[in-house]
$ cat protein27.txt   # compact mmCIF, C-alpha atoms
# COMPACT_ATOMS: atom_id res chain seq x y z
CA MET A 92 44.02 133.09 110.34
CA ASP A 93 40.98 130.81 110.29
CA THR A 94 38.52 132.97 108.35
CA LEU A 95 38.63 136.21 106.39
CA ILE A 96 35.52 138.09 105.33
CA SER A 97 36.73 140.07 102.36
CA ASN A 98 35.64 143.22 100.52
CA VAL A 99 32.73 143.82 102.89
CA THR A 100 31.05 146.85 104.44
CA ILE A 101 31.72 146.65 108.18
CA VAL A 102 29.28 148.26 110.62
CA THR A 103 31.44 148.11 113.73
CA MET A 104 29.11 149.67 116.35
CA ASN A 105 32.34 150.59 118.15
CA GLU A 106 32.81 153.71 120.27
CA ARG A 107 33.13 155.85 117.13
CA ASN A 108 30.35 154.05 115.26
CA GLN A 109 32.69 153.46 112.35
CA VAL A 110 31.41 152.13 109.05
CA LEU A 111 34.16 150.79 106.80
CA PHE A 112 33.68 150.11 103.09
CA GLY A 113 35.51 147.48 101.09
CA ALA A 114 37.19 146.25 104.26
CA PHE A 115 38.50 142.93 105.58
CA LEU A 116 37.60 141.21 108.87
CA GLY A 117 39.87 138.44 110.15
CA ILE A 118 38.91 135.72 112.63
CA GLN A 119 41.16 133.37 114.58
CA ASP A 120 40.18 130.93 117.36
CA GLY A 121 36.70 132.43 117.61
CA LYS A 122 37.95 136.01 118.05
CA ILE A 123 38.13 139.01 115.75
CA VAL A 124 41.86 139.52 115.17
CA SER A 125 41.91 142.17 112.45
CA ILE A 126 39.78 144.83 110.79
CA THR A 127 41.70 146.35 107.89
CA SER A 128 41.25 148.32 104.71
CA ALA A 129 43.53 145.97 102.76
CA ALA A 130 43.75 142.19 102.60
CA PRO A 131 46.22 140.70 105.10
CA LYS A 132 49.40 139.22 103.63
CA GLU A 133 48.96 135.91 105.45
CA PRO A 134 46.49 133.72 103.51
CA PRO A 135 43.54 132.57 105.64
CA LYS A 136 42.25 129.01 105.76
CA THR A 137 38.82 130.17 104.55
CA ILE A 138 37.72 133.27 102.63
CA ILE A 139 34.10 134.45 102.69
CA ASP A 140 33.44 136.87 99.85
CA GLY A 141 31.63 139.87 101.30
CA THR A 142 31.06 141.72 98.03
CA GLY A 143 27.66 143.42 98.17
CA MET A 144 27.33 142.43 101.82
CA VAL A 145 27.23 144.21 105.17
CA VAL A 146 28.68 142.59 108.27
CA MET A 147 27.54 143.80 111.67
CA PRO A 148 27.55 142.56 115.28
CA GLY A 149 25.09 139.76 115.84
CA LEU A 150 21.75 140.98 117.15
CA ILE A 151 20.89 140.30 120.80
CA ASN A 152 17.29 139.46 121.68
CA CYS A 153 16.98 140.49 125.33
CA HIS A 154 13.49 139.16 126.00
CA THR A 155 11.88 136.06 124.61
CA HIS A 156 10.21 132.78 125.58
CA LEU A 157 11.74 130.30 123.14
CA ALA A 158 9.52 127.30 123.82
CA THR A 159 6.32 129.22 123.03
CA ALA A 160 7.22 128.73 119.35
CA VAL A 161 5.06 125.61 119.58
CA LEU A 162 2.05 127.91 120.11
CA ARG A 163 2.80 130.34 117.29
CA SER A 164 -0.44 131.83 115.78
CA TYR A 165 -2.63 129.77 118.14
CA CYS A 166 -3.94 132.72 120.20
CA ASP A 167 -4.02 135.46 117.57
CA ASP A 168 -7.11 137.70 117.33
CA LEU A 169 -8.34 136.67 120.78
CA SER A 170 -8.92 139.08 123.63
CA SER A 171 -6.14 139.25 126.23
CA ALA A 172 -8.13 137.13 128.69
CA GLU A 173 -9.04 134.55 126.06
CA ALA A 174 -5.47 134.36 124.75
CA LEU A 175 -4.05 133.90 128.25
CA ASP A 176 -6.55 131.16 129.04
CA ALA A 177 -5.79 129.33 125.79
CA GLN A 178 -2.05 129.63 126.36
CA LEU A 179 -2.21 128.35 129.94
CA GLN A 180 -4.30 125.34 128.92
CA LYS A 181 -1.66 124.26 126.41
CA GLU A 182 1.29 125.07 128.66
CA ASP A 183 -0.20 122.78 131.30
CA LYS A 184 0.33 119.90 128.85
CA MET A 185 3.92 120.79 127.96
CA ASP A 186 6.87 118.79 129.24
CA SER A 187 10.65 119.06 128.93
CA ARG A 188 10.81 117.07 125.71
CA ALA A 189 8.24 119.27 123.97
CA ALA A 190 9.90 122.41 125.34
CA LYS A 191 13.31 121.37 124.01
CA ALA A 192 11.96 120.72 120.51
CA ALA A 193 10.15 124.08 120.47
CA ALA A 194 13.22 125.89 121.83
CA LYS A 195 15.40 124.37 119.10
CA LEU A 196 12.95 125.54 116.45
CA ALA A 197 13.02 129.05 117.93
CA ILE A 198 16.83 129.05 118.10
CA ALA A 199 17.01 128.11 114.41
CA GLU A 200 14.66 131.02 113.70
CA CYS A 201 16.86 133.39 115.72
CA LEU A 202 19.98 132.29 113.88
CA ARG A 203 18.18 132.66 110.54
CA PHE A 204 17.50 136.29 111.46
CA GLY A 205 21.02 137.20 112.59
CA VAL A 206 20.55 136.80 116.35
CA THR A 207 23.62 135.50 118.16
CA SER A 208 22.42 135.69 121.78
CA VAL A 209 19.05 135.52 123.54
CA SER A 210 17.64 136.18 127.01
CA ASP A 211 14.94 133.62 127.75
CA LEU A 212 12.46 133.87 130.64
CA TYR A 213 10.40 130.70 130.76
CA TYR A 214 9.99 127.27 132.32
CA TYR A 215 11.96 124.05 131.59
CA PRO A 216 15.34 125.79 131.83
CA ASN A 217 17.28 122.52 131.75
CA ALA A 218 15.65 121.49 128.46
CA THR A 219 16.21 124.95 126.99
CA ALA A 220 19.84 124.90 128.11
CA GLU A 221 20.31 121.58 126.32
CA ALA A 222 18.91 123.11 123.12
CA VAL A 223 21.18 126.15 123.47
CA ALA A 224 24.24 124.02 124.21
CA GLU A 225 23.70 121.85 121.14
CA SER A 226 23.00 124.79 118.80
CA GLY A 227 26.01 126.98 119.59
CA ILE A 228 24.04 130.19 120.22
CA LYS A 229 24.66 132.28 123.35
CA ALA A 230 21.94 132.65 125.97
CA ASN A 231 21.01 134.04 129.36
CA LEU A 232 18.37 131.66 130.70
CA ALA A 233 16.04 132.43 133.59
CA LEU A 234 13.47 130.22 135.33
CA SER A 235 10.20 132.17 135.43
CA SER A 236 9.19 131.83 139.08
CA TYR A 237 5.55 132.77 139.42
CA ARG A 238 3.52 131.16 142.20
CA PHE A 239 2.27 133.06 145.23
CA ILE A 240 3.58 132.49 148.73
CA ASP A 241 1.24 133.10 151.63
CA GLN A 242 2.48 136.16 153.50
CA ASN A 243 2.11 134.28 156.79
CA GLU A 244 3.74 131.08 155.52
CA ASP A 245 7.33 130.26 156.34
CA PHE A 246 9.62 130.48 153.34
CA ASP A 247 12.91 128.64 153.11
CA PHE A 248 14.97 129.10 149.96
CA ASP A 249 16.78 125.83 150.68
CA THR A 250 13.59 123.77 150.52
CA ASP A 251 11.39 125.77 148.13
CA GLU A 252 10.75 123.69 144.99
CA GLN A 253 11.26 126.40 142.39
CA CYS A 254 14.27 127.90 144.15
CA GLN A 255 15.94 124.50 144.32
CA GLU A 256 15.23 123.94 140.63
CA LEU A 257 17.10 127.20 139.98
CA VAL A 258 20.00 126.00 142.14
CA ARG A 259 20.27 122.75 140.19
CA VAL A 260 20.23 124.59 136.86
CA VAL A 261 22.87 127.06 138.07
CA ASN A 262 25.11 124.23 139.27
CA LYS A 263 24.82 122.44 135.93
CA TRP A 264 24.72 125.22 133.37
CA HIS A 265 25.92 128.60 134.66
CA ASN A 266 29.02 129.66 132.70
CA TYR A 267 28.81 126.55 130.53
CA ASP A 268 31.26 126.59 127.62
CA ALA A 269 33.28 129.53 128.98
CA GLY A 270 30.15 131.59 129.63
CA ARG A 271 28.26 130.88 126.41
CA ILE A 272 25.33 129.98 128.68
CA LYS A 273 24.58 132.14 131.70
CA ILE A 274 21.79 131.43 134.18
CA ASP A 275 19.76 134.27 135.68
CA ALA A 276 17.23 134.27 138.48
CA GLY A 277 13.74 135.22 137.36
CA ILE A 278 10.22 136.09 138.38
CA TYR A 279 7.36 136.31 135.95
CA ALA A 280 6.19 139.62 137.44
CA GLU A 281 5.43 141.44 140.68
CA TYR A 282 1.77 140.44 140.62
CA THR A 283 2.45 136.69 140.42
CA SER A 284 4.79 136.48 143.42
CA ASN A 285 5.66 138.29 146.64
CA TYR A 286 8.46 139.67 148.73
CA LYS A 287 9.61 136.38 150.29
CA LEU A 288 10.44 134.95 146.89
CA TRP A 289 11.94 138.25 145.62
CA GLU A 290 14.27 138.58 148.58
CA GLY A 291 15.25 134.90 148.45
CA LEU A 292 16.08 135.08 144.77
CA ALA A 293 17.89 138.43 145.08
CA GLY A 294 20.06 137.10 147.91
CA TYR A 295 20.95 133.94 146.01
CA ALA A 296 21.63 135.88 142.80
CA ALA A 297 23.97 138.23 144.66
CA GLU A 298 25.86 135.30 146.20
CA GLN A 299 26.24 133.50 142.87
CA GLY A 300 26.88 136.53 140.67
CA LEU A 301 23.67 136.10 138.67
CA GLY A 302 21.38 138.62 137.04
CA VAL A 303 17.60 138.62 137.21
CA GLN A 304 14.94 138.76 134.50
CA LEU A 305 11.29 139.82 134.88
CA HIS A 306 8.28 141.57 133.36
CA LEU A 307 7.68 144.99 134.89
CA ALA A 308 4.90 147.59 134.65
CA GLU A 309 3.67 146.36 131.27
CA THR A 310 0.02 147.36 131.72
CA ARG A 311 -1.94 150.07 133.53
CA ASN A 312 -3.97 147.43 135.37
CA GLU A 313 -0.80 145.83 136.70
CA VAL A 314 0.40 149.14 138.12
CA ASP A 315 -3.00 150.16 139.53
CA SER A 316 -3.36 146.80 141.26
CA CYS A 317 0.07 147.13 142.86
CA MET A 318 -0.75 150.65 144.05
CA ASP A 319 -4.05 149.48 145.55
CA ARG A 320 -2.39 146.59 147.40
CA THR A 321 0.84 148.23 148.55
CA GLY A 322 0.68 151.99 148.02
CA MET A 323 3.66 151.77 145.66
CA GLY A 324 4.24 151.09 142.00
CA PRO A 325 5.90 147.78 141.10
CA GLY A 326 9.27 149.37 140.32
CA GLU A 327 9.47 151.07 143.71
CA LEU A 328 8.14 148.01 145.52
CA LEU A 329 10.61 145.55 144.00
CA ASN A 330 13.45 147.99 144.65
CA CYS A 331 12.47 148.13 148.33
CA HIS A 332 12.88 144.35 148.45
CA ARG A 333 16.39 144.51 146.91
CA LEU A 334 15.53 142.81 143.61
CA PHE A 335 17.46 145.46 141.71
CA ASN A 336 20.60 145.09 143.81
CA VAL A 337 21.72 142.60 141.15
CA PRO A 338 21.87 143.29 137.38
CA ALA A 339 18.25 143.27 136.23
CA THR A 340 16.62 143.02 132.82
CA ALA A 341 12.98 144.13 132.91
CA ALA A 342 10.67 143.71 129.94
CA GLY A 343 8.14 146.49 129.57
CA CYS A 344 8.73 149.35 132.05
CA THR A 345 5.90 151.02 130.15
CA TYR A 346 4.02 152.53 133.11
CA LEU A 347 6.82 153.30 135.52
CA THR A 348 6.61 156.73 137.08
CA GLU A 349 9.35 159.25 136.40
CA GLU A 350 10.70 158.67 139.90
CA GLU A 351 10.71 154.89 139.40
CA ARG A 352 12.65 155.32 136.17
CA ARG A 353 15.21 157.44 138.03
CA ILE A 354 15.51 154.79 140.76
CA LEU A 355 16.03 152.05 138.18
CA GLY A 356 18.43 154.27 136.26
CA ARG A 357 20.61 154.60 139.35
CA LYS A 358 20.49 150.81 139.70
CA LYS A 359 21.50 150.43 136.02
CA VAL A 360 18.43 148.31 135.28
CA THR A 361 17.85 147.41 131.63
CA ALA A 362 14.42 148.15 130.19
CA VAL A 363 13.62 145.83 127.29
CA ALA A 364 11.31 147.28 124.65
CA THR A 365 9.12 144.76 122.81
CA PRO A 366 7.21 147.16 120.54
CA LEU A 367 5.77 144.61 118.11
CA ALA A 368 4.57 142.17 120.76
CA CYS A 369 2.96 145.09 122.58
CA ALA A 370 1.31 146.42 119.42
CA LYS A 371 0.00 142.95 118.57
CA ALA A 372 -1.58 142.81 122.04
CA GLY A 373 -3.05 146.30 121.64
CA GLN A 374 -0.79 147.70 124.35
CA ALA A 375 1.55 150.66 124.65
CA SER A 376 5.28 149.94 124.60
CA THR A 377 8.35 151.04 126.52
CA PRO A 378 8.90 154.83 126.53
CA ILE A 379 12.42 154.45 125.19
CA LEU A 380 13.55 158.07 125.32
CA GLU A 381 12.28 158.61 128.87
CA CYS A 382 14.05 155.48 130.09
CA VAL A 383 17.31 156.55 128.45
CA LYS A 384 17.04 160.04 129.95
CA ALA A 385 16.58 158.46 133.39
CA GLY A 386 19.85 156.56 133.00
CA MET A 387 18.41 153.15 132.20
CA ASN A 388 20.01 150.86 129.66
CA VAL A 389 17.46 150.06 126.93
CA ALA A 390 17.61 146.91 124.83
CA LEU A 391 15.24 145.16 122.44
CA GLY A 392 13.28 141.91 122.52
CA THR A 393 10.67 140.09 120.52
CA GLY A 394 8.79 138.37 123.31
CA GLY A 395 7.86 134.81 122.38
CA ALA A 396 6.69 133.73 118.95
CA ILE A 397 3.20 133.35 120.46
CA GLU A 398 3.26 137.08 121.21
CA CYS A 399 5.15 138.56 118.27
CA GLY A 400 4.38 136.09 115.48
CA ASN A 401 8.06 135.67 114.63
CA LEU A 402 11.47 136.33 116.17
CA ASP A 403 12.75 138.74 113.51
CA LEU A 404 14.65 141.36 115.51
CA PHE A 405 15.11 143.51 112.40
CA GLU A 406 11.35 144.10 112.47
CA VAL A 407 11.62 145.01 116.15
CA LEU A 408 14.45 147.45 115.35
CA ARG A 409 12.21 149.27 112.92
CA GLY A 410 9.24 149.13 115.29
CA ALA A 411 11.25 150.58 118.17
CA ALA A 412 12.54 153.49 116.11
CA MET A 413 9.05 154.23 114.81
CA SER A 414 7.38 153.93 118.22
CA ALA A 415 9.81 156.46 119.70
CA ARG A 416 9.09 158.87 116.86
CA VAL A 417 5.33 158.48 117.25
CA ALA A 418 5.53 159.00 121.01
CA SER A 419 7.61 162.17 120.66
CA GLY A 420 6.13 163.51 117.44
CA ASP A 421 9.70 163.98 116.26
CA PRO A 422 10.90 162.11 113.13
CA ALA A 423 14.48 162.47 114.36
CA ALA A 424 13.77 161.25 117.89
CA LEU A 425 15.64 157.95 117.67
CA PRO A 426 18.40 157.91 115.04
CA SER A 427 19.31 154.67 113.32
CA THR A 428 22.60 154.51 115.21
CA ALA A 429 20.74 154.55 118.53
CA ALA A 430 18.29 151.87 117.39
CA LEU A 431 21.15 149.63 116.27
CA MET A 432 22.93 150.21 119.57
CA MET A 433 19.91 148.89 121.46
CA ALA A 434 20.05 145.66 119.45
CA THR A 435 23.81 145.18 119.86
CA VAL A 436 25.83 147.22 122.37
CA CYS A 437 23.01 147.69 124.87
CA GLY A 438 21.94 144.08 124.51
CA ALA A 439 25.45 142.90 125.35
CA ARG A 440 25.44 145.22 128.36
CA ALA A 441 22.12 143.80 129.54
CA GLN A 442 23.47 140.25 129.37
CA GLY A 443 26.73 141.07 131.15
CA ARG A 444 28.62 140.45 127.91
CA SER A 445 30.02 143.90 127.11
CA GLY A 446 33.57 142.60 127.14
CA GLU A 447 32.88 139.83 124.65
CA CYS A 448 30.38 140.95 122.00
CA GLY A 449 28.02 143.70 120.82
CA MET A 450 30.67 145.33 118.62
CA LEU A 451 32.99 144.29 115.83
CA LYS A 452 36.32 145.01 117.42
CA GLU A 453 39.67 143.28 117.68
CA GLY A 454 39.77 140.98 120.69
CA LEU A 455 36.02 140.44 120.93
CA ASP A 456 34.19 137.25 120.03
CA ALA A 457 33.36 136.84 116.36
CA ASP A 458 29.60 137.07 116.96
CA LEU A 459 28.27 138.58 113.75
CA CYS A 460 25.79 138.41 110.93
CA LEU A 461 26.29 138.99 107.21
CA ILE A 462 23.46 140.75 105.38
CA ASP A 463 23.00 140.56 101.62
CA PHE A 464 22.46 144.11 100.35
CA SER A 465 21.92 143.04 96.75
CA ALA A 466 18.15 142.58 97.21
CA PRO A 467 15.89 145.09 95.38
CA HIS A 468 14.50 146.55 98.61
CA LEU A 469 18.05 147.44 99.73
CA ILE A 470 19.05 149.27 96.53
CA PRO A 471 20.22 152.01 96.40
CA CYS A 472 21.98 152.25 99.74
CA HIS A 473 22.57 155.93 100.51
CA ASN A 474 23.08 155.24 104.22
CA VAL A 475 23.98 151.78 105.53
CA LEU A 476 22.67 152.34 109.06
CA ASN A 477 19.33 153.64 107.78
CA GLY A 478 19.16 150.69 105.41
CA LEU A 479 19.67 148.22 108.25
CA VAL A 480 16.95 149.79 110.39
CA TYR A 481 14.30 150.75 107.85
CA SER A 482 14.81 148.48 104.85
CA ALA A 483 16.51 145.25 105.92
CA LYS A 484 14.65 142.15 107.09
CA GLY A 485 15.73 139.04 108.88
CA GLY A 486 15.40 137.15 105.62
CA ASP A 487 18.28 139.21 104.20
CA VAL A 488 20.74 137.53 106.58
CA ALA A 489 23.10 135.30 104.60
CA MET A 490 25.22 134.07 107.51
CA THR A 491 25.21 134.07 111.31
CA MET A 492 28.35 133.28 113.28
CA VAL A 493 28.98 132.83 117.01
CA ARG A 494 32.55 132.70 118.31
CA GLY A 495 33.76 132.29 114.75
CA LYS A 496 31.58 129.24 114.11
CA ILE A 497 29.00 129.42 111.33
CA LEU A 498 25.59 128.49 112.78
CA TYR A 499 23.52 129.58 109.78
CA GLN A 500 24.50 130.09 106.15
CA ASN A 501 22.33 130.33 103.05
CA GLY A 502 19.51 128.10 104.30
CA ARG A 503 21.72 125.62 106.17
CA PHE A 504 22.00 125.10 109.95
CA PRO A 505 25.26 123.20 110.56
CA THR A 506 24.49 122.54 114.24
CA ILE A 507 20.74 121.93 114.01
CA ASP A 508 19.03 119.08 112.18
CA LEU A 509 15.96 121.12 111.30
CA ASN A 510 14.14 118.16 109.74
CA ALA A 511 14.58 116.19 112.96
CA VAL A 512 13.34 119.15 115.01
CA VAL A 513 10.21 119.50 112.87
CA GLU A 514 9.60 115.76 113.10
CA GLU A 515 9.89 115.88 116.90
CA LEU A 516 7.42 118.76 116.96
CA THR A 517 4.90 117.09 114.66
CA THR A 518 5.11 113.58 116.14
CA TYR A 519 5.50 114.45 119.82
CA ALA A 520 5.12 118.07 120.92
CA LEU A 521 2.05 119.07 118.91
CA PRO A 522 0.11 115.84 119.62
CA ARG A 523 0.92 116.17 123.32
CA LEU A 524 -0.41 119.72 123.48
CA PHE A 525 -3.29 119.50 121.03
CA ASP A 526 -4.62 115.93 120.80
CA GLY A 527 -7.98 115.84 122.50
CA LYS A 528 -7.94 119.68 122.41

$ encode --input "protein27.txt" --output "structure tokens"
Amino acid sequence: MDTLISNVTIVTMNERNQVLFGAFLGIQDGKIVSITSAAPKEPPKTIIDGTGMVVMPGLINCHTHLATAVLRSYCDDLSSAEALDAQLQKEDKMDSRAAKAAAKLAIAECLRFGVTSVSDLYYYPNATAEAVAESGIKANLALSSYRFIDQNEDFDFDTDEQCQELVRVVNKWHNYDAGRIKIDAGIYAEYTSNYKLWEGLAGYAAEQGLGVQLHLAETRNEVDSCMDRTGMGPGELLNCHRLFNVPATAAGCTYLTEEERRILGRKKVTAVATPLACAKAGQASTPILECVKAGMNVALGTGGAIECGNLDLFEVLRGAAMSARVASGDPAALPSTAALMMATVCGARAQGRSGECGMLKEGLDADLCLIDFSAPHLIPCHNVLNGLVYSAKGGDVAMTMVRGKILYQNGRFPTIDLNAVVEELTTYALPRLFDGK
């Protein structure tokens, strides 16, 4: 046995939602090989003392834009129009080198907060894939296709610039390192593209076995505009053009109609709730309970650091549970178990990783985080699940592991030279985006 986490509280998130106290979790060749109440007889190569700790499946951030970490706090307190304009001006100056540095910073932040896998919808997918590959984290990466195509213009997937960029990224990175990196197709949103691109991407994704990522029905204006132009809401419209014939992860889904939610439920679309990013923007968030009732998978995301301020998914966990309770007026509307499932089991399902992570279970990858429950704000612990949702913070994470490899532990990042990343940001990325304003 390579590693044994000893005398630890194990939150399995398995089918029975078992919580085991004073237990032992064994890891061999990147996989969980044992979960027992007593120490195994065979001595492991390494023992991690879990006394006073809780180990749980690594959190899965199903919607973010890693490279926007370089713009953290830049657009705060601006109106939506002003913030968008400021963001676009700086993004116009970004290049692959700056994007990679910012993505590495964001990945370090994710690992610090117990996140073991991310879904990223942004530009510069090759640079982001390089950052992911070097760091050891898991990721589903999607190129955010966004430009309009004239309805009367010929469209050829084989010559379209963005589509061919996706093809190159898929050929290079899809299923890299035994599937640690997966590539998805992506559109920014319905209102920034049209049916020729949707159908082209959906057809290619189906051929290659890819998923698709997008923003969907996030604002009332977005939905009203789609209705005015097409007579349908964006969920119904995109479904008509076969975008949901492949596994889809849609951030928002806030203003879908009940019928659209049912359609997407039948298609097994994942709605990703980003309650803190939405609140920061003064917007409503995903109606979690309604989406679940319609048969949709519901996962959690932070959005980018520019939107949420930080990538602490523990804060999002708490925000999601509270937003569901506010929306329903019921303090029992979303139990802690359900909130934790959205950040683990449902996240793995959204990424097509249900058979590899999302639970602590023998045979699955050792993707996990170790939380120190000795902090004052976590004492006493009458209920571990409630403590994780309502009291824990990302800063309580003592260790993050992916496939049995420690990627963060007590302030150290074994696979990321954080000083070098910060230097690259301060000497290259920030001057490129901000010099001359």

$ residues_around --input "protein27.txt" --residues "stretch 366-375 of chain A" --least-positions-apart "2" --cutoff "6 Å" --atoms "all atoms listed in the file" --output "list in words"
Ala364, Glu398, Cys399, Gly410 and Ala411 of chain A

$ write_last_selection --input "protein27.txt" --atoms "C-alpha atoms" --output "PDB file, in the coordinates of the input"
ATOM      1  CA  ALA A 364      11.310 147.280 124.650  1.00  0.00           C
ATOM      2  CA  GLU A 398       3.260 137.080 121.210  1.00  0.00           C
ATOM      3  CA  CYS A 399       5.150 138.560 118.270  1.00  0.00           C
ATOM      4  CA  GLY A 410       9.240 149.130 115.290  1.00  0.00           C
ATOM      5  CA  ALA A 411      11.250 150.580 118.170  1.00  0.00           C
TER       6      ALA A 411
END

$ closest_residue --input "protein27.txt" --among "A:Ile139, A:Leu451, A:Ala434, A:Ala520" --to "A:Thr127" --atoms "only C-alpha atoms"
A:Leu451

$ closest_residue --input "protein27.txt" --among "A:Glu106, A:Glu298, A:Glu327, A:Asp463" --to "A:Glu281" --atoms "only C-alpha atoms"
A:Glu327

$ closest_residue --input "protein27.txt" --among "A:Leu175, A:Leu455, A:Ala342, A:Ala220" --to "A:Gly117" --atoms "all atoms listed in the file"
A:Leu455

$ atom_distance --input "protein27.txt" --atom1 "atom CA of A:Asn336" --atom2 "atom CA of A:Gly294"
9.0 Å

$ residues_around --input "protein27.txt" --residues "A:Ile354" --least-positions-apart "4" --cutoff "9 Å" --atoms "only C-alpha atoms" --output "CSV table (one decimal) with C-alpha atoms, keeping the file's coordinate frame"
chain,number,residue,atom,x,y,z
A,326,GLY,CA,9.3,149.4,140.3
A,327,GLU,CA,9.5,151.1,143.7
A,330,ASN,CA,13.4,148.0,144.6
A,349,GLU,CA,9.4,159.2,136.4
A,350,GLU,CA,10.7,158.7,139.9
A,358,LYS,CA,20.5,150.8,139.7
A,359,LYS,CA,21.5,150.4,136.0
A,360,VAL,CA,18.4,148.3,135.3
A,385,ALA,CA,16.6,158.5,133.4

$ atom_distance --input "protein27.txt" --atom1 "atom CA of A:Leu479" --atom2 "atom CA of A:Pro422"
17.1 Å

$ closest_residue --input "protein27.txt" --among "A:Asp251, A:Asp211, A:Asp458, A:Glu309" --to "A:Met490" --atoms "only C-alpha atoms"
A:Asp458

$ closest_residue --input "protein27.txt" --among "A:Ile397, A:Ile497, A:Pro325, A:His332" --to "A:Arg163" --atoms "only C-alpha atoms"
A:Ile397

$ atom_distance --input "protein27.txt" --atom1 "atom CA of A:Met413" --atom2 "atom CA of A:Ile379"
10.9 Å

$ residues_near_point --input "protein27.txt" --point "(11.7, 127.4, 117.4)" --cutoff "12 Å" --atoms "only C-alpha atoms" --output "PyMOL selection string"
chain A and resi 155-163+189-203+219+222-223+226+395-397+400-402+507+509+512-513+515-516+520

$ closest_residue --input "protein27.txt" --among "A:Ile228, A:Gln178, A:Cys382, A:Asn477" --to "A:Gly205" --atoms "only C-alpha atoms"
A:Ile228

$ residues_around --input "protein27.txt" --residues "A:Pro216" --least-positions-apart "4" --cutoff "12 Å" --atoms "only C-alpha atoms" --output "count of residues only"
40

$ residues_around --input "protein27.txt" --residues "A:Gly485" --least-positions-apart "3" --cutoff "7 Å" --atoms "all atoms listed in the file" --output "tab-separated table (two decimals) with C-alpha atoms, in the coordinates of the input"
chain	number	residue	atom	x	y	z
A	204	PHE	CA	17.50	136.29	111.46
A	205	GLY	CA	21.02	137.20	112.59
A	403	ASP	CA	12.75	138.74	113.51
A	405	PHE	CA	15.11	143.51	112.40
A	488	VAL	CA	20.74	137.53	106.58

$ axis_aligned_box --input "protein27.txt" --around "stretch 476-480 of chain A" --padding-each-side "6 Å" --output "JSON"
{"center_x": 19.8, "center_y": 150.9, "center_z": 107.9, "size_x": 17.7, "size_y": 17.4, "size_z": 17.0}

$ residues_around --input "protein27.txt" --residues "A:Met450" --least-positions-apart "3" --cutoff "7 Å" --atoms "all atoms listed in the file" --output "list in words"
Thr103, Met104, Asn105, Pro148, Thr435 and Val436 of chain A
